[in-house]
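Pasting data-v7.tsv here (TSV, C-alpha atoms and all ligand atoms):
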chain	number	residue	atom	x	y	z
M	17	MET	CA	-4.57	8.31	14.40
M	18	LYS	CA	-1.36	9.20	12.60
M	19	LEU	CA	1.51	7.20	11.12
M	20	THR	CA	5.03	8.58	10.79
M	21	SER	CA	7.35	6.38	8.78
M	22	SER	CA	11.15	6.45	8.78
M	23	GLY	CA	14.06	4.46	7.43
M	24	GLU	CA	16.26	3.92	4.37
M	25	SER	CA	16.07	0.90	2.06
M	26	HIS	CA	19.60	-0.33	2.89
M	27	GLY	CA	19.82	1.28	6.33
M	28	LYS	CA	19.39	-0.54	9.64
M	29	ALA	CA	15.60	-0.76	9.47
M	30	VAL	CA	12.42	0.84	8.24
M	31	ALA	CA	10.32	1.99	11.17
M	32	GLY	CA	7.07	3.66	12.15
M	33	ILE	CA	5.27	5.37	14.98
M	34	ILE	CA	1.47	5.18	15.18
M	35	GLU	CA	-0.13	7.80	17.42
M	36	GLY	CA	-3.76	7.79	18.51
M	37	LEU	CA	-4.45	4.06	18.84
M	38	PRO	CA	-6.95	3.27	21.59
M	39	SER	CA	-5.86	1.06	24.48
M	40	ASN	CA	-6.64	-2.66	24.80
M	41	LEU	CA	-6.52	-3.55	21.12
M	42	GLU	CA	-5.24	-7.11	21.26
M	43	LEU	CA	-2.62	-7.53	18.55
M	44	ASP	CA	-2.10	-10.74	16.62
M	45	ILE	CA	1.59	-10.32	15.86
M	46	ASP	CA	1.66	-13.45	13.66
M	47	ARG	CA	-1.00	-11.82	11.50
M	48	ILE	CA	1.17	-8.72	11.06
M	49	ASN	CA	4.11	-10.93	10.05
M	50	LYS	CA	1.88	-12.82	7.60
M	51	ASP	CA	0.87	-9.53	5.97
M	52	LEU	CA	4.54	-8.52	5.79
M	53	ALA	CA	5.33	-11.86	4.15
M	54	LEU	CA	2.51	-11.30	1.64
M	55	ARG	CA	4.14	-7.99	0.68
M	56	GLN	CA	7.31	-9.89	-0.16
M	57	SER	CA	5.56	-12.49	-2.31
M	58	GLY	CA	4.13	-12.60	-5.82
M	59	TYR	CA	5.56	-13.43	-9.22
M	60	GLY	CA	8.16	-11.09	-10.69
M	61	ARG	CA	10.07	-10.00	-7.59
M	62	GLY	CA	13.84	-9.49	-7.77
M	63	GLY	CA	16.83	-10.72	-5.76
M	64	ARG	CA	16.30	-8.44	-2.75
M	65	GLN	CA	13.35	-10.42	-1.46
M	66	LYS	CA	15.56	-13.52	-1.14
M	67	ILE	CA	17.63	-11.57	1.39
M	68	GLU	CA	14.84	-10.04	3.45
M	69	LYS	CA	12.47	-11.89	5.78
M	70	ASP	CA	10.37	-9.06	7.14
M	71	ARG	CA	9.12	-9.28	10.71
M	72	ILE	CA	7.73	-6.58	12.94
M	73	GLU	CA	9.64	-5.69	16.08
M	74	ILE	CA	7.41	-3.70	18.41
M	75	VAL	CA	9.49	-1.30	20.48
M	76	SER	CA	6.86	0.47	22.57
M	77	GLY	CA	3.16	1.14	23.07
M	78	VAL	CA	2.20	-2.51	23.61
M	79	ARG	CA	2.32	-4.67	26.75
M	80	ASN	CA	1.46	-8.36	26.71
M	81	ARG	CA	0.04	-7.95	23.16
M	82	LEU	CA	-2.40	-5.19	24.24
M	83	THR	CA	-1.99	-1.62	23.07
M	84	LEU	CA	-1.53	0.89	25.88
M	85	GLY	CA	-2.99	3.95	24.16
M	86	SER	CA	0.54	5.36	23.93
M	87	PRO	CA	2.49	5.87	20.67
M	88	LEU	CA	3.23	2.47	19.14
M	89	MET	CA	6.76	2.35	17.77
M	90	PHE	CA	7.90	-0.51	15.57
M	91	ALA	CA	10.72	-1.49	13.23
M	92	VAL	CA	11.21	-3.92	10.36
M	93	VAL	CA	14.91	-4.71	10.25
M	94	ASN	CA	16.70	-4.68	6.86
M	95	ARG	CA	18.74	-7.87	6.65
M	96	ASP	CA	20.56	-6.41	3.64
M	97	TYR	CA	22.08	-3.80	5.99
M	98	ALA	CA	24.80	-6.36	6.81
M	99	ASN	CA	25.94	-6.00	3.16
M	100	TRP	CA	25.56	-2.22	3.18
M	101	GLU	CA	26.82	-1.13	6.61
M	102	GLU	CA	30.14	-0.07	5.10
M	103	TYR	CA	28.30	2.39	2.82
M	104	MET	CA	25.28	3.33	4.92
M	105	ALA	CA	26.24	3.42	8.63
M	106	PRO	CA	24.98	6.63	10.29
M	107	GLU	CA	28.01	6.48	12.57
M	108	GLY	CA	30.41	6.91	9.61
M	109	CYS	CA	30.83	5.09	6.30
M	110	ASP	CA	32.40	5.15	2.82
M	111	THR	CA	30.21	7.38	0.65
M	112	SER	CA	32.58	7.16	-2.34
M	113	LYS	CA	31.16	3.75	-3.29
M	114	LYS	CA	27.62	2.63	-4.28
M	115	THR	CA	27.04	6.07	-5.75
M	116	LEU	CA	24.29	6.62	-8.32
M	117	THR	CA	24.55	9.49	-10.78
M	118	ARG	CA	23.06	7.82	-13.88
M	119	VAL	CA	19.64	9.00	-12.81
M	120	ARG	CA	16.69	6.73	-13.62
M	121	PRO	CA	13.77	8.22	-15.59
M	122	GLY	CA	10.60	7.80	-13.55
M	123	HIS	CA	12.43	7.56	-10.21
M	124	ALA	CA	12.92	10.31	-7.61
M	125	ASP	CA	16.66	10.47	-8.46
M	126	LEU	CA	16.96	13.60	-10.61
M	127	THR	CA	14.47	15.92	-8.93
M	128	GLY	CA	15.55	14.72	-5.48
M	129	LEU	CA	19.20	15.55	-6.25
M	130	LYS	CA	18.24	19.10	-7.19
M	131	LYS	CA	15.83	19.62	-4.31
M	132	TYR	CA	18.02	18.26	-1.50
M	133	ASP	CA	21.32	19.68	-2.80
M	134	GLN	CA	22.99	16.30	-3.26
M	135	GLN	CA	25.50	14.92	-5.78
M	136	ASP	CA	24.76	11.23	-5.18
M	137	ALA	CA	21.23	9.93	-5.78
M	138	ARG	CA	21.89	7.24	-3.13
M	139	ASN	CA	20.93	10.01	-0.67
M	140	ILE	CA	17.54	10.29	-2.40
M	141	LEU	CA	16.67	6.79	-3.55
M	142	GLU	CA	17.28	5.14	-0.20
M	143	ARG	CA	14.24	6.93	1.20
M	144	ALA	CA	12.17	7.10	-2.00
M	145	SER	CA	12.47	3.29	-2.27
M	146	ALA	CA	9.34	1.19	-2.02
M	147	ARG	CA	11.01	-0.70	0.84
M	148	GLU	CA	9.27	1.96	2.97
M	149	THR	CA	5.96	0.27	2.23
M	150	ALA	CA	6.82	-2.45	4.77
M	151	VAL	CA	5.96	0.23	7.36
M	152	ARG	CA	2.62	0.95	5.68
M	153	VAL	CA	1.75	-2.76	5.63
M	154	ALA	CA	2.62	-3.26	9.32
M	155	ALA	CA	0.57	-0.20	10.31
M	156	GLY	CA	-2.26	-1.28	8.01
M	157	SER	CA	-2.27	-4.72	9.59
M	158	ILE	CA	-2.75	-3.13	13.02
M	159	ALA	CA	-5.53	-0.91	11.63
M	160	ARG	CA	-7.17	-3.98	10.08
M	161	GLN	CA	-7.23	-5.65	13.50
M	162	LEU	CA	-9.00	-2.62	14.95
M	163	LEU	CA	-11.52	-2.70	12.10
M	164	GLY	CA	-11.95	-6.45	12.53
M	165	GLU	CA	-13.27	-5.84	16.06
M	166	LEU	CA	-16.00	-3.71	14.48
M	167	GLY	CA	-16.87	-6.30	11.83
M	168	VAL	CA	-15.18	-4.39	9.01
M	169	THR	CA	-12.94	-6.38	6.64
M	170	VAL	CA	-10.61	-5.35	3.82
M	171	SER	CA	-9.48	-7.47	0.89
M	172	GLY	CA	-8.61	-7.07	-2.78
M	173	TYR	CA	-7.01	-8.58	-5.85
M	174	VAL	CA	-4.77	-7.86	-8.78
M	175	ARG	CA	-7.02	-6.66	-11.57
M	176	ALA	CA	-4.45	-6.06	-14.29
M	177	VAL	CA	-0.80	-6.60	-15.16
M	178	CYS	CA	0.60	-4.65	-18.11
M	179	GLY	CA	-2.75	-4.66	-19.95
M	180	ILE	CA	-3.88	-8.21	-19.05
M	181	GLU	CA	-7.09	-7.76	-17.09
M	182	ASP	CA	-9.11	-9.94	-14.71
M	183	ALA	CA	-12.26	-7.82	-14.51
M	184	GLY	CA	-14.36	-10.33	-12.56
M	185	GLU	CA	-16.38	-9.43	-9.49
M	186	TYR	CA	-15.32	-11.55	-6.53
M	187	SER	CA	-16.34	-12.21	-2.93
M	188	MET	CA	-14.01	-11.31	-0.05
M	189	ALA	CA	-13.23	-15.04	0.37
M	190	GLU	CA	-12.36	-15.43	-3.34
M	191	MET	CA	-10.04	-12.43	-3.19
M	192	ASP	CA	-8.38	-13.79	-0.04
M	193	ALA	CA	-7.92	-17.19	-1.72
M	194	ALA	CA	-6.35	-15.57	-4.81
M	195	LYS	CA	-3.40	-14.57	-2.61
M	196	GLY	CA	-2.30	-18.21	-2.95
M	197	ASN	CA	-1.81	-17.69	-6.73
M	198	PRO	CA	1.54	-16.53	-8.16
M	199	ILE	CA	-0.26	-13.35	-9.34
M	200	TRP	CA	-3.25	-12.52	-7.15
M	201	MET	CA	-5.82	-12.80	-9.92
M	202	PRO	CA	-8.71	-15.11	-9.02
M	203	ASP	CA	-9.07	-16.16	-12.70
M	204	SER	CA	-6.29	-18.73	-13.12
M	205	ALA	CA	-6.18	-18.41	-16.93
M	206	LYS	CA	-5.61	-14.64	-16.62
M	207	CYS	CA	-3.03	-15.32	-13.92
M	208	LYS	CA	-1.04	-17.55	-16.33
M	209	GLU	CA	-1.28	-14.92	-19.07
M	210	ALA	CA	0.03	-12.28	-16.68
M	211	MET	CA	2.94	-14.52	-15.65
M	212	ALA	CA	3.85	-15.09	-19.31
M	213	ARG	CA	3.80	-11.31	-19.87
M	214	ILE	CA	6.12	-10.80	-16.90
M	215	ASP	CA	8.52	-13.49	-18.24
M	216	GLU	CA	8.52	-11.81	-21.64
M	217	LEU	CA	9.32	-8.40	-20.13
M	218	LYS	CA	12.01	-9.87	-17.85
M	219	ALA	CA	13.76	-11.41	-20.88
M	220	LYS	CA	13.84	-7.94	-22.45
M	221	GLY	CA	15.17	-6.26	-19.28
M	222	ASP	CA	11.86	-4.41	-18.97
M	223	THR	CA	9.29	-3.97	-16.17
M	224	ALA	CA	5.49	-4.10	-15.69
M	225	GLY	CA	2.90	-2.15	-13.73
M	226	GLY	CA	-0.75	-2.94	-13.16
M	227	VAL	CA	-4.01	-2.21	-11.39
M	228	VAL	CA	-5.22	-3.43	-7.99
M	229	GLN	CA	-8.76	-3.37	-6.62
M	230	VAL	CA	-9.41	-3.02	-2.88
M	231	VAL	CA	-12.77	-3.67	-1.19
M	232	VAL	CA	-13.86	-2.60	2.29
M	233	HIS	CA	-16.78	-4.67	3.53
M	234	GLY	CA	-19.12	-4.02	6.47
M	235	LEU	CA	-18.43	-0.34	7.18
M	236	LYS	CA	-21.45	1.54	8.47
M	237	PRO	CA	-22.63	4.68	6.64
M	238	GLY	CA	-21.46	8.16	7.55
M	239	PHE	CA	-17.65	7.97	7.68
M	240	GLY	CA	-16.03	10.95	6.02
M	241	SER	CA	-18.06	14.11	5.60
M	242	CYS	CA	-19.85	16.18	2.97
M	243	MET	CA	-19.29	19.35	5.00
M	244	GLN	CA	-15.69	20.27	4.19
M	245	TYR	CA	-13.52	19.42	1.17
M	246	ASP	CA	-10.67	17.88	3.14
M	247	THR	CA	-12.90	15.56	5.16
M	248	LYS	CA	-14.41	13.71	2.20
M	249	LEU	CA	-13.64	9.99	2.48
M	250	ASP	CA	-13.02	9.55	-1.27
M	251	GLY	CA	-10.55	12.44	-1.24
M	252	ILE	CA	-8.79	10.97	1.79
M	253	LEU	CA	-8.52	7.50	0.23
M	254	CYS	CA	-7.32	8.82	-3.12
M	255	GLY	CA	-4.71	11.05	-1.47
M	256	ALA	CA	-3.42	8.19	0.69
M	257	LEU	CA	-3.19	5.80	-2.26
M	258	MET	CA	-1.46	8.38	-4.44
M	259	GLY	CA	1.09	8.58	-1.61
M	260	VAL	CA	2.15	5.00	-2.36
M	261	GLN	CA	5.27	4.76	-4.53
M	262	ALA	CA	4.46	4.30	-8.26
M	263	VAL	CA	0.71	5.04	-8.06
M	264	LYS	CA	-0.37	7.19	-11.00
M	265	GLY	CA	-4.14	6.94	-10.79
M	266	VAL	CA	-6.95	6.07	-8.38
M	267	GLU	CA	-10.64	5.57	-9.04
M	268	ILE	CA	-13.65	4.75	-6.89
M	269	GLY	CA	-16.58	2.62	-8.05
M	270	ALA	CA	-17.29	3.20	-11.75
M	271	GLY	CA	-14.50	5.79	-11.67
M	272	PHE	CA	-13.42	7.15	-15.06
M	273	GLU	CA	-16.03	5.02	-16.85
M	274	ALA	CA	-18.79	7.05	-15.15
M	275	ALA	CA	-17.76	10.09	-17.17
M	276	SER	CA	-18.79	8.45	-20.45
M	277	LEU	CA	-22.12	6.98	-19.30
M	278	PRO	CA	-25.51	8.71	-18.88
M	279	GLY	CA	-26.64	9.40	-15.31
M	280	SER	CA	-29.34	6.75	-15.55
M	281	ARG	CA	-26.62	4.10	-15.95
M	282	VAL	CA	-24.35	5.46	-13.24
M	283	HIS	CA	-26.33	6.35	-10.13
M	284	ASP	CA	-27.49	3.53	-7.86
M	285	GLU	CA	-31.26	3.60	-7.46
M	286	ILE	CA	-32.68	3.35	-3.95
M	287	TYR	CA	-35.54	1.13	-2.79
M	288	MET	CA	-36.93	-0.26	0.47
M	289	GLU	CA	-36.17	-3.85	1.47
M	290	ASP	CA	-37.61	-5.19	4.77
M	291	GLY	CA	-38.03	-1.64	6.03
M	292	ARG	CA	-34.45	-0.65	5.16
M	293	PHE	CA	-32.98	1.55	2.43
M	294	ALA	CA	-31.20	-0.58	-0.16
M	295	ARG	CA	-29.46	-0.34	-3.56
M	296	ARG	CA	-29.30	-3.02	-6.27
M	297	THR	CA	-26.05	-1.68	-7.75
M	298	ASN	CA	-22.90	-0.13	-6.32
M	299	ARG	CA	-21.41	2.00	-9.07
M	300	ALA	CA	-20.69	4.71	-6.50
M	301	GLY	CA	-18.17	2.32	-4.94
M	302	GLY	CA	-19.68	2.78	-1.47
M	303	ILE	CA	-19.08	6.51	-1.21
M	304	GLU	CA	-21.60	9.30	-1.92
M	305	GLY	CA	-21.08	12.94	-0.98
M	306	GLY	CA	-17.69	12.08	0.50
M	307	MET	CA	-19.26	9.68	3.02
M	308	SER	CA	-19.39	5.90	3.26
M	309	ASN	CA	-22.96	4.87	2.34
M	310	GLY	CA	-22.91	1.39	3.87
M	311	GLU	CA	-22.20	-0.45	0.60
M	312	ASP	CA	-18.80	-2.05	-0.07
M	313	ILE	CA	-16.13	0.58	-0.70
M	314	ILE	CA	-14.44	-0.26	-4.01
M	315	VAL	CA	-11.25	1.51	-4.96
M	316	ARG	CA	-8.71	0.82	-7.70
M	317	ALA	CA	-5.14	2.06	-7.95
M	318	ALA	CA	-2.97	2.06	-11.08
M	319	PHE	CA	0.75	1.42	-10.57
M	320	LYS	CA	3.26	2.46	-13.21
M	321	PRO	CA	6.01	-0.01	-14.17
M	322	ILE	CA	9.04	-0.06	-11.84
M	323	PRO	CA	11.48	2.61	-13.02
M	324	THR	CA	14.65	0.53	-12.52
M	325	LEU	CA	14.95	-1.30	-15.85
M	326	MET	CA	17.76	-3.81	-16.34
M	327	LYS	CA	18.14	-2.61	-19.93
M	328	GLY	CA	18.51	1.00	-18.76
M	329	LEU	CA	16.69	3.91	-20.39
M	330	LYS	CA	18.49	6.85	-21.95
M	331	THR	CA	19.51	9.45	-19.42
M	332	VAL	CA	22.21	11.97	-18.51
M	333	ASP	CA	24.83	11.52	-15.79
M	334	TYR	CA	24.06	14.10	-13.08
M	335	VAL	CA	27.71	14.94	-12.41
M	336	SER	CA	29.43	14.64	-15.83
M	337	HIS	CA	26.36	15.75	-17.85
M	338	GLU	CA	27.22	13.04	-20.39
M	339	ALA	CA	24.53	11.06	-22.19
M	340	THR	CA	24.40	7.52	-20.81
M	341	THR	CA	22.00	4.76	-19.81
M	342	ALA	CA	20.24	4.68	-16.43
M	343	ALA	CA	21.61	2.65	-13.53
M	344	GLY	CA	20.09	-0.82	-13.02
M	345	GLU	CA	21.82	-3.37	-10.80
M	346	ARG	CA	18.94	-5.56	-9.71
M	347	SER	CA	15.25	-4.89	-9.83
M	348	ASP	CA	11.82	-6.36	-9.44
M	349	VAL	CA	10.23	-6.92	-12.87
M	350	CYS	CA	6.73	-6.59	-11.42
M	351	ALA	CA	5.69	-5.89	-7.83
M	352	ILE	CA	1.92	-5.82	-8.38
M	353	CYS	CA	1.10	-8.35	-5.63
M	354	ALA	CA	3.11	-6.29	-3.16
M	355	ALA	CA	1.26	-3.24	-4.48
M	356	GLU	CA	-2.06	-4.95	-3.79
M	357	ILE	CA	-1.39	-5.67	-0.11
M	358	ILE	CA	0.12	-2.21	0.28
M	359	ALA	CA	-3.04	-0.64	-1.19
M	360	GLU	CA	-5.23	-2.74	1.14
M	361	SER	CA	-3.09	-1.68	4.09
M	362	VAL	CA	-3.23	2.00	3.23
M	363	VAL	CA	-7.00	1.83	2.78
M	364	ALA	CA	-7.40	-0.05	6.10
M	365	PHE	CA	-5.35	2.59	7.90
M	366	GLU	CA	-7.40	5.47	6.44
M	367	ILE	CA	-10.72	3.76	7.21
M	368	ALA	CA	-9.65	3.08	10.81
M	369	ARG	CA	-8.55	6.71	11.06
M	370	ALA	CA	-11.90	7.90	9.69
M	371	VAL	CA	-13.70	5.73	12.25
M	372	LEU	CA	-11.68	7.16	15.15
M	373	ASP	CA	-12.01	10.71	13.78
M	374	ARG	CA	-15.78	10.38	13.96
M	375	ILE	CA	-16.35	8.42	17.15
M	376	GLY	CA	-13.10	8.82	19.13
M	377	GLY	CA	-12.55	6.53	22.10
M	378	ASP	CA	-9.57	6.09	24.40
M	379	SER	CA	-10.07	2.34	24.81
M	380	MET	CA	-11.37	-0.38	22.52
M	381	LYS	CA	-14.35	-0.75	24.86
M	382	GLU	CA	-15.37	2.84	24.07
M	383	VAL	CA	-14.69	2.36	20.36
M	384	ARG	CA	-16.76	-0.83	20.19
M	385	GLU	CA	-19.67	0.68	22.14
M	386	ARG	CA	-19.75	3.90	20.13
M	387	TYR	CA	-19.53	2.05	16.80
M	388	ALA	CA	-22.29	-0.36	17.80
M	389	ALA	CA	-24.54	2.61	18.69
M	390	LEU	CA	-24.34	4.04	15.14
M	391	ALA	CA	-27.20	3.46	12.73
M	392	ASP	CA	-26.68	0.86	9.99
J	1	LIG	C1	13.47	-0.66	-4.80
J	1	LIG	C2	14.50	-1.42	-5.33
J	1	LIG	C3	14.74	-2.83	-4.93
J	1	LIG	C4	13.45	-3.39	-4.38
J	1	LIG	C5	13.00	-2.47	-3.25
J	1	LIG	C6	12.51	-1.17	-3.83
J	1	LIG	O1	15.67	-2.94	-3.87
J	1	LIG	P1	17.23	-3.17	-4.10
J	1	LIG	O2	17.74	-1.91	-4.71
J	1	LIG	O3	17.80	-3.42	-2.72
J	1	LIG	O4	17.39	-4.37	-5.01
J	1	LIG	O5	13.64	-4.72	-3.95
J	1	LIG	O6	11.95	-3.02	-2.52
J	1	LIG	C7	12.26	-3.61	-1.34
J	1	LIG	C8	13.48	-3.75	-0.85
J	1	LIG	C9	11.08	-4.10	-0.63
J	1	LIG	O7	11.24	-4.70	0.44
J	1	LIG	O8	9.97	-3.90	-1.16
J	1	LIG	C10	13.26	0.74	-5.20
J	1	LIG	O9	14.15	1.31	-5.86
J	1	LIG	O10	12.20	1.32	-4.90
Can I see the file as structure tokens?
Ligand code: EPS
Amino acid sequence: MKLTSSGESHGKAVAGIIEGLPSNLELDIDRINKDLALRQSGYGRGGRQKIEKDRIEIVSGVRNRLTLGSPLMFAVVNRDYANWEEYMAPEGCDTSKKTLTRVRPGHADLTGLKKYDQQDARNILERASARETAVRVAAGSIARQLLGELGVTVSGYVRAVCGIEDAGEYSMAEMDAAKGNPIWMPDSAKCKEAMARIDELKAKGDTAGGVVQVVVHGLKPGFGSCMQYDTKLDGILCGALMGVQAVKGVEIGAGFEAASLPGSRVHDEIYMEDGRFARRTNRAGGIEGGMSNGEDIIVRAAFKPIPTLMKGLKTVDYVSHEATTAAGERSDVCAICAAEIIAESVVAFEIARAVLDRIGGDSMKEVRERYAALAD
């Protein structure tokens, strides 16, 4: 299974093509739209989300809600395009306006200008924009529905916002319920603290990042492989998450903490329970030797603060070479809830891909039968 994403932030739409989906996966399109709405929610978002109301439009690959086994093409229309058509239309537009040369530190602007031989960072930032993640959430929602048929679920929560941490361990249901909070932290006191921090930063024209934790529950052992470096499930998940805008770090299970603990406090001891192999702890985060081991997969991703700051950091104008402050018209202060559902979606897509890579299947019937035949 493969996803190709396309589209500019203020263009007509962001769009995707998923290849390799089996036939007869029944899609709940409302569920996809709910996931897209989740990506737009959360405390700290900017003015753009008041304009957009993301909905999936499936173009091909589905008939009467069932996948056909053909490439599935979809779009999420940008409502803001109505305000930008004059400056963005592929058919011809005014490129002398809405230019950006006061390149933003931390954004793709400066390096993109050099690499793609451009003079206006609009030609870079439109694609580098995190608006593209609407495609990843729609595709992830479809992947989640495939996994759901196999009894595999994915959830998660916001673990930290700008240093304020909710380090609790929560059930899938508690994490799902936290998505009703302004910041998706299950601990409501921590949630309030995080909101106050966001307010404080907003007043200063500043931005916040954070950490999200994603959990995959119910996946059988043996997905990914120990036999070749590029087939290891942890490597695949980390690479996919690092491909999300603003991610600067990923860890699995005990992650970086494992490096400072003795082996006796890191590795999960094995015992027999009712004739089955079991573990009392899950510091490995559900992956050993690059393979799922049947425990919950636990992965965290660290997002840097959004690089468009209303107060503008020091920079240099790309064209005049004069010292100035970075461009900042409107911006999210904190998009950590969006980041959480994006991370879940990316993980769901990679897990579904790993399942199909191992067992194949042209139809959901084949996929279900082959998955059921695997050992627990
Ligand atoms: C983004 C800048 C903002 C965000 C955008 C990502 O957009 P604008 O420049 O139109 O105000 O709102 O994210 C989305 C539009 C979205 O749907 O997530 C950026 O520079 O990455």
- [ ] Could you give me, as a PyMOL selection string, every polymer residue with an atom at most 7 Å away from an atom of ligand LIG 1 (chain J), counting all atoms listed in the file?
- [x] chain M and resi 25-26+56+62-65+141+144-147+149-150+324+346-348
Task: Residue contacts of M:Asp333 (7 Å, only C-alpha atoms) excluding same-chain residues fewer than 3 positions away, as a ChimeraX atom specification - done: /M:117-119,336-340
If I put a ball of radius 12 Å at (1.6, -1.5, 11.1) in the file's coordinates, which residues poke into it when counting only C-alpha atoms, written as a PDB file with C-alpha atoms, keeping the file's coordinate frame?
ATOM      1  CA  LYS M  18      -1.360   9.200  12.600  1.00  0.00           C
ATOM      2  CA  LEU M  19       1.510   7.200  11.120  1.00  0.00           C
ATOM      3  CA  THR M  20       5.030   8.580  10.790  1.00  0.00           C
ATOM      4  CA  SER M  21       7.350   6.380   8.780  1.00  0.00           C
ATOM      5  CA  VAL M  30      12.420   0.840   8.240  1.00  0.00           C
ATOM      6  CA  ALA M  31      10.320   1.990  11.170  1.00  0.00           C
ATOM      7  CA  GLY M  32       7.070   3.660  12.150  1.00  0.00           C
ATOM      8  CA  ILE M  33       5.270   5.370  14.980  1.00  0.00           C
ATOM      9  CA  ILE M  34       1.470   5.180  15.180  1.00  0.00           C
ATOM     10  CA  GLU M  35      -0.130   7.800  17.420  1.00  0.00           C
ATOM     11  CA  LEU M  37      -4.450   4.060  18.840  1.00  0.00           C
ATOM     12  CA  LEU M  43      -2.620  -7.530  18.550  1.00  0.00           C
ATOM     13  CA  ASP M  44      -2.100 -10.740  16.620  1.00  0.00           C
ATOM     14  CA  ILE M  45       1.590 -10.320  15.860  1.00  0.00           C
ATOM     15  CA  ARG M  47      -1.000 -11.820  11.500  1.00  0.00           C
ATOM     16  CA  ILE M  48       1.170  -8.720  11.060  1.00  0.00           C
ATOM     17  CA  ASN M  49       4.110 -10.930  10.050  1.00  0.00           C
ATOM     18  CA  LYS M  50       1.880 -12.820   7.600  1.00  0.00           C
ATOM     19  CA  ASP M  51       0.870  -9.530   5.970  1.00  0.00           C
ATOM     20  CA  LEU M  52       4.540  -8.520   5.790  1.00  0.00           C
ATOM     21  CA  ARG M  71       9.120  -9.280  10.710  1.00  0.00           C
ATOM     22  CA  ILE M  72       7.730  -6.580  12.940  1.00  0.00           C
ATOM     23  CA  GLU M  73       9.640  -5.690  16.080  1.00  0.00           C
ATOM     24  CA  ILE M  74       7.410  -3.700  18.410  1.00  0.00           C
ATOM     25  CA  LEU M  88       3.230   2.470  19.140  1.00  0.00           C
ATOM     26  CA  MET M  89       6.760   2.350  17.770  1.00  0.00           C
ATOM     27  CA  PHE M  90       7.900  -0.510  15.570  1.00  0.00           C
ATOM     28  CA  ALA M  91      10.720  -1.490  13.230  1.00  0.00           C
ATOM     29  CA  VAL M  92      11.210  -3.920  10.360  1.00  0.00           C
ATOM     30  CA  GLU M 148       9.270   1.960   2.970  1.00  0.00           C
ATOM     31  CA  THR M 149       5.960   0.270   2.230  1.00  0.00           C
ATOM     32  CA  ALA M 150       6.820  -2.450   4.770  1.00  0.00           C
ATOM     33  CA  VAL M 151       5.960   0.230   7.360  1.00  0.00           C
ATOM     34  CA  ARG M 152       2.620   0.950   5.680  1.00  0.00           C
ATOM     35  CA  VAL M 153       1.750  -2.760   5.630  1.00  0.00           C
ATOM     36  CA  ALA M 154       2.620  -3.260   9.320  1.00  0.00           C
ATOM     37  CA  ALA M 155       0.570  -0.200  10.310  1.00  0.00           C
ATOM     38  CA  GLY M 156      -2.260  -1.280   8.010  1.00  0.00           C
ATOM     39  CA  SER M 157      -2.270  -4.720   9.590  1.00  0.00           C
ATOM     40  CA  ILE M 158      -2.750  -3.130  13.020  1.00  0.00           C
ATOM     41  CA  ALA M 159      -5.530  -0.910  11.630  1.00  0.00           C
ATOM     42  CA  ARG M 160      -7.170  -3.980  10.080  1.00  0.00           C
ATOM     43  CA  GLN M 161      -7.230  -5.650  13.500  1.00  0.00           C
ATOM     44  CA  LEU M 162      -9.000  -2.620  14.950  1.00  0.00           C
ATOM     45  CA  ILE M 358       0.120  -2.210   0.280  1.00  0.00           C
ATOM     46  CA  SER M 361      -3.090  -1.680   4.090  1.00  0.00           C
ATOM     47  CA  VAL M 362      -3.230   2.000   3.230  1.00  0.00           C
ATOM     48  CA  ALA M 364      -7.400  -0.050   6.100  1.00  0.00           C
ATOM     49  CA  PHE M 365      -5.350   2.590   7.900  1.00  0.00           C
TER      50      PHE M 365
END
- [ ] Do a neighbour search on M:Glu209 at 12 Å with only C-alpha atoms, toss out local chain neighbours closer than 3 positions, and write the hits as number ranges by chain.
- [x] M: 176-182, 198-199, 201, 203-206, 212-216
- [ ] Mind checking which residues fall within 12 Å of M:Met104, counting all atoms listed in the file, ignoring those fewer than 4 positions away in the same chain, and posting them as number ranges by chain?
- [x] M: 23-29, 94, 96-100, 108-115, 138-139, 142
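Using all atoms listed in the file for every distance, the candidate list M:Arg281, M:Arg384, M:Arg295, M:Arg175 yields M:Arg175 as the residue closest to M:Ala317.
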Task: M:Val93, M:Cys353, M:Ile313, M:Ala219 ranked by distance to M:Val168, top pick (using all atoms listed in the file) - done: M:Ile313
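For M:Ser241, the set of protein, DNA and RNA residues having any atom at most 10 Å away, when counting all atoms listed in the file and skipping those fewer than 5 positions along the same chain, is Asp246, Thr247, Lys248, Leu249, Asp250, Glu304, Gly305, Gly306, Met307, Ser308, Ala370 and Arg374 of chain M.
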Task: Selection near M:Arg316, 7 Å with all atoms listed in the file, sequence-local residues under 5 positions removed, as number ranges by chain - done: M: 227-230, 266-268
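Checking M:Val260, M:Leu129, M:Tyr59, M:Leu277 one by one against M:Lys208, counting only C-alpha atoms, you find the shortest gap at M:Tyr59.
You will find atom CA of M:Gly128 at 14.9 Å from atom CA of M:Val332.
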Task: Given only C-alpha atoms as the counted atoms, nearest of M:Ala105, M:Ala391, M:Ala274, M:Ala210 to M:Phe293 - done: M:Ala391
TODO: Have a look at M:Asp70, M:Asp222, M:Glu285, M:Glu311 and name the one nearest to M:Gly328; count only C-alpha atoms.
DONE: M:Asp222
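For the set M:Gly226, M:Gly344, M:Gly376, M:Gly271, the residue with the smallest atom-to-atom gap to M:Ala318 is M:Gly226, counting only C-alpha atoms.
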TODO: May I have the residues at most 9 Å from (-1.6, 3.9, 21.1) in the file's coordinates, counting all atoms listed in the file, as a PyMOL selection string?
DONE: chain M and resi 17+34-39+41+77-78+83-88+378
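The space between atom CA of M:Ile352 and atom CA of M:Leu235 spans 26.2 Å.
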